[in-house]
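Have a look at upload_1.txt below; it lists compact mmCIF, C-alpha atoms and all ligand atoms.
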```
# COMPACT_ATOMS: atom_id res chain seq x y z
CA MET M 6 -15.29 12.70 40.92
CA THR M 7 -18.64 11.63 39.47
CA GLU M 8 -19.01 8.55 37.29
CA ASN M 9 -19.81 10.81 34.37
CA SER M 10 -16.73 12.96 34.72
CA MET M 11 -14.59 9.84 35.19
CA ARG M 12 -16.02 8.45 31.96
CA LYS M 13 -15.37 11.81 30.28
CA GLU M 14 -11.78 11.84 31.53
CA ALA M 15 -11.23 8.22 30.46
CA LYS M 16 -12.51 9.25 27.03
CA THR M 17 -10.19 12.25 26.81
CA ILE M 18 -7.11 10.32 27.87
CA PHE M 19 -7.83 7.31 25.68
CA LYS M 20 -5.08 7.10 23.11
CA PRO M 21 -5.95 4.74 20.26
CA VAL M 22 -3.25 2.22 19.41
CA VAL M 23 -2.05 2.62 15.82
CA LEU M 24 -0.06 -0.13 14.11
CA VAL M 25 1.74 0.73 10.87
CA THR M 26 3.56 -1.76 8.64
CA GLY M 27 6.50 -1.04 6.32
CA CYS M 28 7.97 2.05 7.99
CA ALA M 29 11.54 1.73 6.70
CA SER M 30 10.95 4.21 3.88
CA GLY M 31 8.46 6.16 1.77
CA ILE M 32 4.89 6.62 2.98
CA GLY M 33 5.38 4.45 6.08
CA LEU M 34 8.38 6.47 7.24
CA ALA M 35 6.60 9.77 6.56
CA LEU M 36 3.60 8.55 8.56
CA ALA M 37 5.89 7.44 11.40
CA GLU M 38 7.28 11.00 11.51
CA LEU M 39 3.79 12.47 11.80
CA LEU M 40 2.68 9.97 14.43
CA TYR M 41 5.85 10.50 16.46
CA LYS M 42 4.81 14.11 16.99
CA ASP M 43 1.11 13.41 17.51
CA LEU M 44 0.51 12.80 21.18
CA HIS M 45 -3.06 11.56 20.67
CA TYR M 46 -1.97 8.04 19.78
CA ARG M 47 0.00 5.11 21.05
CA VAL M 48 1.99 3.94 18.09
CA VAL M 49 3.71 0.76 16.95
CA ILE M 50 5.80 1.24 13.84
CA THR M 51 7.21 -1.85 12.21
CA ALA M 52 9.76 -2.76 9.57
CA ARG M 53 11.81 -5.76 8.61
CA ALA M 54 14.55 -6.60 11.12
CA GLY M 55 17.34 -5.02 9.03
CA SER M 56 15.79 -1.54 9.27
CA ILE M 57 15.01 -1.50 12.99
CA ALA M 58 18.34 -0.02 14.18
CA ALA M 59 18.04 2.96 11.82
CA LEU M 60 14.44 3.56 12.90
CA LYS M 61 15.40 3.40 16.59
CA ASN M 62 18.09 5.95 15.91
CA LYS M 63 15.64 8.28 14.24
CA PHE M 64 12.79 7.82 16.70
CA PRO M 65 13.91 7.21 20.30
CA GLU M 66 11.20 4.98 21.77
CA ASN M 67 9.01 6.25 24.60
CA GLU M 68 5.96 5.11 26.57
CA ARG M 69 3.63 5.83 23.63
CA PHE M 70 5.83 5.05 20.63
CA ILE M 71 7.49 1.69 20.06
CA ILE M 72 9.36 0.11 17.17
CA ARG M 73 9.18 -3.58 16.41
CA PRO M 74 10.45 -5.91 13.68
CA MET M 75 7.84 -7.50 11.48
CA ASP M 76 8.10 -9.08 8.08
CA VAL M 77 4.46 -9.07 7.00
CA THR M 78 4.94 -12.29 5.05
CA LYS M 79 5.96 -14.22 8.19
CA ALA M 80 3.16 -15.71 10.31
CA GLU M 81 5.37 -15.97 13.42
CA ASP M 82 6.34 -12.25 13.20
CA ARG M 83 2.69 -11.22 12.88
CA GLN M 84 1.60 -13.51 15.71
CA GLN M 85 4.35 -12.41 18.08
CA LEU M 86 3.74 -8.71 17.50
CA ILE M 87 -0.03 -8.84 17.89
CA SER M 88 0.31 -10.89 21.11
CA GLU M 89 2.74 -8.31 22.47
CA ILE M 90 0.43 -5.40 21.61
CA ASN M 91 -2.55 -7.27 23.10
CA SER M 92 -0.77 -7.71 26.41
CA LEU M 93 0.84 -4.25 26.44
CA TRP M 94 -2.05 -2.09 25.27
CA SER M 95 -5.03 -4.51 25.02
CA GLY M 96 -5.02 -4.53 21.22
CA VAL M 97 -4.82 -2.53 18.02
CA ASN M 98 -7.40 0.22 17.35
CA VAL M 99 -6.11 1.40 13.99
CA LEU M 100 -4.29 -0.92 11.59
CA ILE M 101 -2.45 0.59 8.64
CA ASN M 102 -1.40 -1.99 6.09
CA ASN M 103 1.21 0.02 4.23
CA ALA M 104 4.07 -2.40 3.46
CA GLY M 105 4.17 -3.35 -0.19
CA ILE M 106 6.38 -4.43 -3.03
CA SER M 107 6.00 -4.09 -6.77
CA TYR M 108 7.25 -6.45 -9.44
CA ARG M 109 7.90 -5.04 -12.89
CA ALA M 110 7.46 -7.84 -15.40
CA VAL M 111 5.09 -8.92 -18.13
CA VAL M 112 2.84 -11.80 -17.14
CA GLU M 113 4.85 -14.32 -19.13
CA HIS M 114 8.05 -13.35 -17.31
CA MET M 115 6.76 -14.07 -13.80
CA THR M 116 7.18 -17.41 -12.06
CA ALA M 117 4.76 -18.94 -9.58
CA GLU M 118 7.23 -18.19 -6.74
CA GLU M 119 7.48 -14.54 -7.75
CA GLU M 120 3.69 -14.23 -7.90
CA GLN M 121 3.57 -15.85 -4.47
CA MET M 122 6.00 -13.25 -3.06
CA GLN M 123 4.00 -10.39 -4.61
CA PHE M 124 0.80 -11.66 -3.03
CA ALA M 125 2.39 -12.69 0.29
CA THR M 126 3.47 -9.07 0.84
CA ASN M 127 0.61 -7.08 -0.66
CA TYR M 128 -2.34 -9.35 0.05
CA PHE M 129 -1.87 -12.35 2.38
CA GLY M 130 0.21 -10.42 4.95
CA PRO M 131 -2.34 -7.58 5.24
CA VAL M 132 -5.34 -9.94 5.30
CA ASN M 133 -3.84 -12.08 8.04
CA LEU M 134 -3.09 -8.99 10.12
CA ILE M 135 -6.68 -7.83 9.63
CA ARG M 136 -7.93 -11.18 10.93
CA GLN M 137 -5.70 -10.83 13.99
CA VAL M 138 -6.79 -7.30 14.94
CA LEU M 139 -10.52 -7.70 14.27
CA PRO M 140 -11.46 -9.55 17.51
CA HIS M 141 -10.29 -6.63 19.68
CA MET M 142 -12.03 -4.07 17.45
CA ARG M 143 -15.23 -6.13 17.52
CA LYS M 144 -15.11 -6.29 21.30
CA LEU M 145 -14.82 -2.48 21.52
CA GLY M 146 -17.36 -1.84 18.79
CA ARG M 147 -14.95 0.48 17.00
CA GLY M 148 -11.70 0.51 15.07
CA LYS M 149 -10.18 1.38 11.72
CA ILE M 150 -8.50 -0.71 9.07
CA ILE M 151 -6.66 1.37 6.50
CA ASN M 152 -5.21 -0.48 3.55
CA VAL M 153 -2.72 1.36 1.36
CA SER M 154 -3.64 0.26 -2.12
CA SER M 155 -2.84 2.01 -5.39
CA VAL M 156 -4.20 3.42 -8.59
CA SER M 157 -3.03 0.02 -9.83
CA GLY M 158 -5.98 -1.39 -7.91
CA MET M 159 -8.27 0.62 -10.20
CA LEU M 160 -6.51 0.17 -13.54
CA ALA M 161 -3.90 -2.32 -14.67
CA MET M 162 -0.94 -1.40 -16.87
CA PRO M 163 1.39 -3.59 -18.93
CA THR M 164 4.48 -4.90 -17.04
CA MET M 165 2.61 -4.38 -13.74
CA GLY M 166 0.14 -7.25 -13.89
CA SER M 167 1.09 -9.03 -10.66
CA TYR M 168 1.29 -5.81 -8.68
CA SER M 169 -2.12 -4.77 -10.00
CA ALA M 170 -3.57 -8.19 -9.27
CA SER M 171 -2.39 -7.98 -5.66
CA LYS M 172 -3.91 -4.50 -5.24
CA TYR M 173 -7.18 -5.51 -6.98
CA ALA M 174 -7.33 -8.41 -4.52
CA LEU M 175 -6.77 -6.07 -1.56
CA ASP M 176 -9.41 -3.68 -2.92
CA GLY M 177 -11.94 -6.49 -3.38
CA LEU M 178 -11.37 -7.80 0.11
CA SER M 179 -11.59 -4.30 1.59
CA GLU M 180 -14.89 -3.69 -0.16
CA ALA M 181 -16.41 -6.92 1.20
CA LEU M 182 -14.99 -6.19 4.64
CA TRP M 183 -16.48 -2.69 4.57
CA TYR M 184 -19.95 -4.27 4.56
CA GLU M 185 -19.03 -6.85 7.19
CA ALA M 186 -17.34 -4.39 9.53
CA LYS M 187 -19.75 -1.44 9.34
CA PRO M 188 -22.46 -3.04 11.52
CA LEU M 189 -19.71 -3.74 14.08
CA GLY M 190 -18.63 -0.08 14.26
CA ILE M 191 -15.38 -0.68 12.38
CA ASN M 192 -14.31 1.50 9.43
CA VAL M 193 -12.48 0.06 6.45
CA CYS M 194 -10.63 2.44 4.12
CA LEU M 195 -8.50 2.17 1.03
CA VAL M 196 -5.86 4.82 0.41
CA GLN M 197 -5.13 4.91 -3.30
CA PRO M 198 -1.96 6.75 -4.31
CA GLY M 199 -1.02 7.08 -7.96
CA PHE M 200 2.36 8.37 -9.01
CA ILE M 201 4.44 9.65 -6.11
CA LYS M 202 7.61 11.69 -6.26
CA SER M 203 9.78 9.26 -4.32
CA LYS M 204 12.64 6.87 -4.68
CA SER M 205 10.36 3.86 -4.48
CA PHE M 206 10.87 3.11 -8.18
CA LEU M 207 14.46 2.24 -7.19
CA LYS M 208 12.95 -0.53 -5.06
CA VAL M 209 10.96 -2.02 -7.88
CA ARG M 210 11.49 -5.77 -8.11
CA TYR M 211 12.25 -7.58 -11.31
CA SER M 212 11.44 -11.17 -12.01
CA GLY M 213 14.21 -13.57 -13.01
CA GLN M 214 13.38 -12.89 -16.65
CA SER M 215 12.55 -9.17 -16.58
CA GLY M 216 15.53 -7.70 -14.72
CA PRO M 217 18.08 -5.39 -16.32
CA GLU M 218 20.68 -8.18 -16.13
CA ASN M 219 18.79 -9.97 -18.91
CA GLU M 220 19.69 -9.12 -22.43
CA MET M 221 16.52 -7.45 -23.59
CA ASN M 222 15.63 -8.64 -27.00
CA GLY M 223 12.72 -10.65 -28.24
CA THR M 224 9.00 -10.19 -28.04
CA TYR M 225 8.83 -8.18 -24.83
CA ALA M 226 11.88 -5.95 -25.21
CA ASP M 227 9.80 -2.96 -26.37
CA TYR M 228 7.38 -3.36 -23.49
CA TYR M 229 10.15 -2.68 -20.96
CA LYS M 230 11.93 -0.19 -23.21
CA TYR M 231 8.86 2.05 -23.36
CA MET M 232 7.06 1.34 -20.10
CA THR M 233 9.98 1.80 -17.67
CA PRO M 234 10.83 5.42 -18.61
CA PHE M 235 7.10 6.16 -19.02
CA ILE M 236 6.36 5.17 -15.41
CA GLU M 237 9.49 6.82 -14.03
CA LYS M 238 8.72 10.06 -15.87
CA PHE M 239 5.30 10.29 -14.23
CA MET M 240 6.84 9.59 -10.83
CA ARG M 241 9.36 12.39 -11.36
CA LEU M 242 6.69 14.81 -12.56
CA SER M 243 4.30 14.08 -9.70
CA PHE M 244 3.73 16.82 -7.13
CA THR M 245 2.71 14.32 -4.47
CA THR M 246 5.34 13.24 -1.97
CA PRO M 247 5.15 10.39 0.55
CA ASN M 248 4.53 13.10 3.15
CA HIS M 249 1.36 14.24 1.34
CA VAL M 250 0.02 10.68 1.38
CA ALA M 251 1.00 10.26 5.03
CA LYS M 252 -0.93 13.44 5.89
CA LYS M 253 -3.94 12.04 4.06
CA ILE M 254 -3.69 8.82 6.09
CA LEU M 255 -3.48 10.83 9.32
CA ARG M 256 -6.64 12.73 8.32
CA ILE M 257 -8.38 9.39 7.73
CA ILE M 258 -7.23 8.15 11.15
CA LYS M 259 -8.78 11.24 12.74
CA LYS M 260 -11.99 11.35 10.69
CA LYS M 261 -15.15 9.95 12.27
CA ASN M 262 -16.55 8.08 9.30
CA PRO M 263 -14.01 8.11 6.50
CA PRO M 264 -15.10 6.76 3.10
CA LEU M 265 -13.97 3.41 1.73
CA TRP M 266 -12.19 4.89 -1.29
CA ASN M 267 -9.61 7.64 -0.79
CA PRO M 268 -7.68 8.59 -3.92
CA ALA M 269 -4.43 10.10 -2.67
CA THR M 270 -2.88 11.81 -5.71
CA LEU M 271 -4.24 13.93 -8.56
CA ASP M 272 -3.87 11.15 -11.12
CA ALA M 273 -5.62 8.72 -8.74
CA LEU M 274 -8.50 11.16 -8.45
CA LEU M 275 -8.61 11.53 -12.24
CA PHE M 276 -8.64 7.74 -12.79
CA TYR M 277 -11.23 7.33 -10.04
CA TYR M 278 -13.62 9.61 -11.98
CA LEU M 279 -12.63 8.33 -15.43
CA ARG M 280 -13.49 4.84 -14.30
CA ARG M 281 -16.83 5.98 -12.97
CA PHE M 282 -17.90 8.08 -15.93
CA ILE M 283 -16.30 6.55 -19.02
CA PRO M 284 -17.48 3.10 -20.15
CA ARG M 285 -14.81 0.53 -19.31
CA ARG M 286 -14.49 -0.65 -22.94
CA LEU M 287 -13.85 2.87 -24.16
CA LEU M 288 -11.42 3.62 -21.34
CA LEU M 289 -9.46 0.50 -22.19
CA GLN M 290 -9.02 1.68 -25.79
CA LEU M 291 -8.17 5.23 -24.72
CA LEU M 292 -5.50 4.04 -22.33
CA PHE M 293 -4.17 1.61 -24.93
CA ILE M 294 -3.52 4.37 -27.45
CA SER M 295 -1.92 6.51 -24.72
CA LEU M 296 0.82 3.95 -24.12
CA PRO M 297 4.16 5.14 -25.56
CA ASN M 298 4.69 3.87 -29.12
CA ILE M 299 2.24 1.05 -28.49
CA ARG M 300 1.79 0.36 -32.23
CA LEU M 301 5.45 -0.55 -32.49
CA TRP M 302 5.58 -3.00 -29.60
CA ALA M 303 6.70 -6.48 -30.63
CA LEU M 304 6.20 -5.60 -34.29
CA ALA M 305 8.94 -7.91 -35.48
CA TYR M 306 7.51 -10.78 -33.47
CA THR M 307 3.88 -10.87 -34.49
CA ASN M 308 1.96 -11.75 -37.60
CA LEU M 309 0.08 -8.48 -37.38
CA LYS M 310 0.29 -6.19 -40.38
CA LYS M 311 2.75 -3.33 -39.92
CA PRO M 312 1.17 0.13 -39.73
CA LYS M 313 1.40 2.15 -42.95
CA SER M 314 4.09 4.81 -42.64
N1 LIG A 1 5.35 5.00 -4.46
C1 LIG A 1 4.30 4.96 -5.25
O1 LIG A 1 4.31 5.55 -6.34
C2 LIG A 1 3.07 4.20 -4.82
C3 LIG A 1 1.95 4.33 -5.62
C4 LIG A 1 0.81 3.65 -5.27
C5 LIG A 1 0.79 2.84 -4.15
N2 LIG A 1 1.88 2.71 -3.37
C6 LIG A 1 1.80 1.81 -2.19
O2 LIG A 1 2.16 2.52 -1.05
C7 LIG A 1 2.71 1.63 -0.07
C8 LIG A 1 4.01 2.19 0.43
O3 LIG A 1 4.91 2.26 -0.65
P1 LIG A 1 6.02 3.40 -0.79
O4 LIG A 1 5.72 4.21 -1.97
O5 LIG A 1 6.21 4.09 0.50
O6 LIG A 1 7.26 2.49 -1.20
P2 LIG A 1 8.55 2.02 -0.38
O7 LIG A 1 9.38 3.21 -0.03
O8 LIG A 1 9.16 0.94 -1.17
O9 LIG A 1 7.95 1.45 0.97
C9 LIG A 1 7.43 0.17 1.10
C10 LIG A 1 7.77 -0.32 2.48
O10 LIG A 1 7.30 -1.66 2.64
C11 LIG A 1 8.32 -2.40 3.25
N3 LIG A 1 8.24 -3.83 2.98
C12 LIG A 1 8.41 -4.49 1.81
N4 LIG A 1 8.27 -5.81 2.01
C13 LIG A 1 7.99 -5.99 3.33
C14 LIG A 1 7.75 -7.11 4.14
N5 LIG A 1 7.74 -8.35 3.64
N6 LIG A 1 7.51 -6.92 5.45
C15 LIG A 1 7.51 -5.68 5.99
N7 LIG A 1 7.77 -4.57 5.29
C16 LIG A 1 7.99 -4.73 3.96
C17 LIG A 1 9.60 -1.82 2.71
O11 LIG A 1 10.65 -2.20 3.57
P3 LIG A 1 12.14 -2.49 3.02
O12 LIG A 1 12.72 -1.11 2.86
O13 LIG A 1 12.71 -3.30 4.10
O14 LIG A 1 11.96 -3.22 1.71
C18 LIG A 1 9.28 -0.34 2.72
O15 LIG A 1 9.55 0.23 3.95
C19 LIG A 1 2.85 0.27 -0.77
O16 LIG A 1 1.79 -0.58 -0.39
C20 LIG A 1 2.75 0.62 -2.24
O17 LIG A 1 2.24 -0.44 -3.02
C21 LIG A 1 3.03 3.37 -3.70
```
What is this structure when it is put down as structure tokens?
Amino acid sequence: MTENSMRKEAKTIFKPVVLVTGCASGIGLALAELLYKDLHYRVVITARAGSIAALKNKFPENERFIIRPMDVTKAEDRQQLISEINSLWSGVNVLINNAGISYRAVVEHMTAEEEQMQFATNYFGPVNLIRQVLPHMRKLGRGKIINVSSVSGMLAMPTMGSYSASKYALDGLSEALWYEAKPLGINVCLVQPGFIKSKSFLKVRYSGQSGPENEMNGTYADYYKYMTPFIEKFMRLSFTTPNHVAKKILRIIKKKNPPLWNPATLDALLFYYLRRFIPRRLLLQLLFISLPNIRLWALAYTNLKKPKS
């Protein structure tokens, strides 16, 4: 066998190592299903310890597909997993930061600890993983970092401030990293889903003050009263399922030079263009008047004049 054909064969049998976080449900689980069937990759799917048994039941492990516990907020989990992958398969070639949580609360109803949890999961966990996989990608001169962000990283909505802030942070970091990584042969991509037809709204987190166990009266009662069904309605009406987003991620994994921004639902695409073509000030006002019954919010609690009926 000539050196050339050996190199060719090595190239054809090379199976990039893909690491996906947050595979217990939703997009992560749908992506795990696709990757389980795709023999071109070696795959590490991860979830918090409590979900591992169910995942192992669903996906019997084999020589190219393994399942490991990892809470993205825990430094020791991240460290242990990356060391294991480094010794087993030399390192990660494609990192998919998918795990995420979403608090539903107005800014005044969040505590510092709750903000910390929001950011630990959606920002600090992903960034620390990025730092841990970059050295191997740099050494190879190739690799992909795919961060699952959100339309909430393009536009912020009331009662979703902390979630938006965490996704804006992830988007900002990804944009800077795109410049830093490109000369090194590494692609950085943001996948930006909007409303998805899934049960993930059942997993929404409430702050100590915003949860349904609180008697909702006072200044912010209308905010939750109108925003919660508004968001859930759009999720129900959406045509996009977690599987659609997972397929989009798989296409990005396979694409040679995928773009930084990848809107993943119709509404995300719409907002992507609205933000580009409508002046921000105007868009802000347009979105404000689109909020359900916005003129009535907190009416009894402000010194604003009531609208004429
Ligand atoms: N669904 C949407 O409408 C939507 C829209 C835009 C963006 N996104 C983004 O898409 C990504 C996936 O969300 P999804 O829709 O698939 O929702 P999901 O079903 O709630 O999935 C999120 C996954 O993240 C995991 N997770 C949460 N905290 C974790 C932690 N500390 N360590 C490890 N895993 C953790 C969850 O595991 P547990 O089950 O153990 O909690 C779950 O498997 C998220 O980043 C989300 O922000 C979703």
Pick out the residues no farther than 8 Å from ligand LIG 1 (chain A), counting only C-alpha atoms and all ligand atoms, and list them as a PyMOL selection string.
chain M and resi 26-34+51-56+75-79+102-107+125-127+130+153-157+168+172+197-206+208-209+240+247
Which residues come within 10 Å of M:Tyr277, counting only C-alpha atoms, excluding same-chain residues fewer than 3 positions away, as a count of residues only?
14
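Here atom CA of M:Asp43 is placed at a distance of 20.2 Å from atom CA of M:Asn262.
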For M:Pro65, work out the shell of residues within 10 Å, counting only C-alpha atoms and skipping chain neighbours fewer than 6 positions away, then give it as a VMD selection string.
chain M and resid 41 71 to 72
Neighbours of M:Trp94 within 9 Å (only C-alpha atoms; same-chain residues fewer than 3 positions away dropped), as a PyMOL selection string?
chain M and resi 22+47+89-91+97
Between atom CA of M:His141 and atom CA of M:Ser95 - distance in Å to one decimal
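Taking atom CA of M:Ser95 as the start and atom CA of M:His141 as the end point, the length is 7.8 Å.
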For a quick check of understanding, using all atoms listed in the file, which of M:Leu292, M:Thr116, M:Asn308, M:Ile257 has the smallest distance to M:Asn152?
M:Ile257
Out of M:Lys253, M:Arg300, M:Lys238, M:Arg286, which residue has the shortest atom-to-atom distance to M:Ile151 when counting only C-alpha atoms?
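Using only C-alpha atoms, the shortest distance to M:Ile151 belongs to M:Lys253.
Nearest-residue note for M:Thr246: choosing from M:Ser212, M:Thr224, M:Thr270, M:Gln123, the minimum distance belongs to M:Thr270, counting only C-alpha atoms.
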Excluding stretch 35-39 of chain M and any residue of its chain fewer than 3 positions from it, enumerate the residues within 6 Å of it, using all atoms listed in the file, and give them as a ChimeraX atom specification.
/M:32,42,248,251
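When only C-alpha atoms are used to measure the gap to M:Phe244, the shortest distance among M:Ala59, M:Leu139, M:Ile87, M:Ala269 belongs to M:Ala269.
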Polymer residues at most 6 Å from (-8.3, -0.8, 13.3) by only C-alpha atoms, as a VMD selection string
chain M and resid 98 to 100 148 to 150
Measure the distance from atom CA of M:Pro131 to atom CA of M:Leu175 in Å and round it to one decimal.
8.3 Å
Looking at all atoms listed in the file, which of M:Ala174, M:Leu279, M:Leu24, M:Leu242 is the one that sits closest to M:Val138?
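The closest residue to M:Val138 is M:Leu24.
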Restricting the calculation to only C-alpha atoms: of M:Glu113, M:Gly177, M:Leu40, M:Phe124, which residue gets closest to M:Lys252?
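The closest residue to M:Lys252 is M:Leu40.
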Emit as lines of an AutoDock Vina configuration file the padded axis-aligned box for all listed atoms of stretch 105-113 of chain M, 4 Å per side, with centre and edge lengths in Å to one decimal.
```
center_x = 5.4
center_y = -8.8
center_z = -9.7
size_x = 13.1
size_y = 19.0
size_z = 26.9
```
Using all atoms listed in the file, which residues sit within 9 Å of M:Gly146 once same-chain residues fewer than 5 positions away are excluded, as a PDB file with C-alpha atoms, in the frame of the given file?
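part05.pdb written:
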```
ATOM      1  CA  HIS M 141     -10.290  -6.630  19.680  1.00  0.00           C
ATOM      2  CA  PRO M 188     -22.460  -3.040  11.520  1.00  0.00           C
ATOM      3  CA  LEU M 189     -19.710  -3.740  14.080  1.00  0.00           C
ATOM      4  CA  GLY M 190     -18.630  -0.080  14.260  1.00  0.00           C
ATOM      5  CA  ILE M 191     -15.380  -0.680  12.380  1.00  0.00           C
TER       6      ILE M 191
END
```
Completion step: stretch 117-128 of chain M with N, CA and C atoms as a PDB file, in the coordinates of the input:
```pdb
ATOM      1  N   ALA M 117       5.743 -18.734 -10.657  1.00  0.00           N
ATOM      2  CA  ALA M 117       4.760 -18.940  -9.580  1.00  0.00           C
ATOM      3  C   ALA M 117       5.316 -18.436  -8.244  1.00  0.00           C
ATOM      4  N   GLU M 118       6.622 -18.628  -8.021  1.00  0.00           N
ATOM      5  CA  GLU M 118       7.230 -18.190  -6.740  1.00  0.00           C
ATOM      6  C   GLU M 118       7.206 -16.670  -6.638  1.00  0.00           C
ATOM      7  N   GLU M 119       7.481 -16.007  -7.767  1.00  0.00           N
ATOM      8  CA  GLU M 119       7.480 -14.540  -7.750  1.00  0.00           C
ATOM      9  C   GLU M 119       6.068 -13.997  -7.510  1.00  0.00           C
ATOM     10  N   GLU M 120       5.092 -14.628  -8.148  1.00  0.00           N
ATOM     11  CA  GLU M 120       3.690 -14.230  -7.900  1.00  0.00           C
ATOM     12  C   GLU M 120       3.349 -14.406  -6.423  1.00  0.00           C
ATOM     13  N   GLN M 121       3.837 -15.536  -5.872  1.00  0.00           N
ATOM     14  CA  GLN M 121       3.570 -15.850  -4.470  1.00  0.00           C
ATOM     15  C   GLN M 121       4.129 -14.753  -3.568  1.00  0.00           C
ATOM     16  N   MET M 122       5.355 -14.302  -3.867  1.00  0.00           N
ATOM     17  CA  MET M 122       6.000 -13.250  -3.060  1.00  0.00           C
ATOM     18  C   MET M 122       5.220 -11.932  -3.175  1.00  0.00           C
ATOM     19  N   GLN M 123       4.786 -11.621  -4.402  1.00  0.00           N
ATOM     20  CA  GLN M 123       4.000 -10.390  -4.610  1.00  0.00           C
ATOM     21  C   GLN M 123       2.739 -10.416  -3.744  1.00  0.00           C
ATOM     22  N   PHE M 124       2.062 -11.553  -3.785  1.00  0.00           N
ATOM     23  CA  PHE M 124       0.800 -11.660  -3.030  1.00  0.00           C
ATOM     24  C   PHE M 124       1.036 -11.826  -1.525  1.00  0.00           C
ATOM     25  N   ALA M 125       2.117 -12.511  -1.145  1.00  0.00           N
ATOM     26  CA  ALA M 125       2.390 -12.690   0.290  1.00  0.00           C
ATOM     27  C   ALA M 125       2.554 -11.326   0.955  1.00  0.00           C
ATOM     28  N   THR M 126       3.207 -10.397   0.258  1.00  0.00           N
ATOM     29  CA  THR M 126       3.470  -9.070   0.840  1.00  0.00           C
ATOM     30  C   THR M 126       2.263  -8.148   0.739  1.00  0.00           C
ATOM     31  N   ASN M 127       1.656  -8.108  -0.442  1.00  0.00           N
ATOM     32  CA  ASN M 127       0.610  -7.080  -0.660  1.00  0.00           C
ATOM     33  C   ASN M 127      -0.789  -7.566  -0.321  1.00  0.00           C
ATOM     34  N   TYR M 128      -0.979  -8.872  -0.222  1.00  0.00           N
ATOM     35  CA  TYR M 128      -2.340  -9.350   0.050  1.00  0.00           C
ATOM     36  C   TYR M 128      -2.422 -10.253   1.287  1.00  0.00           C
TER      37      TYR M 128
END
```
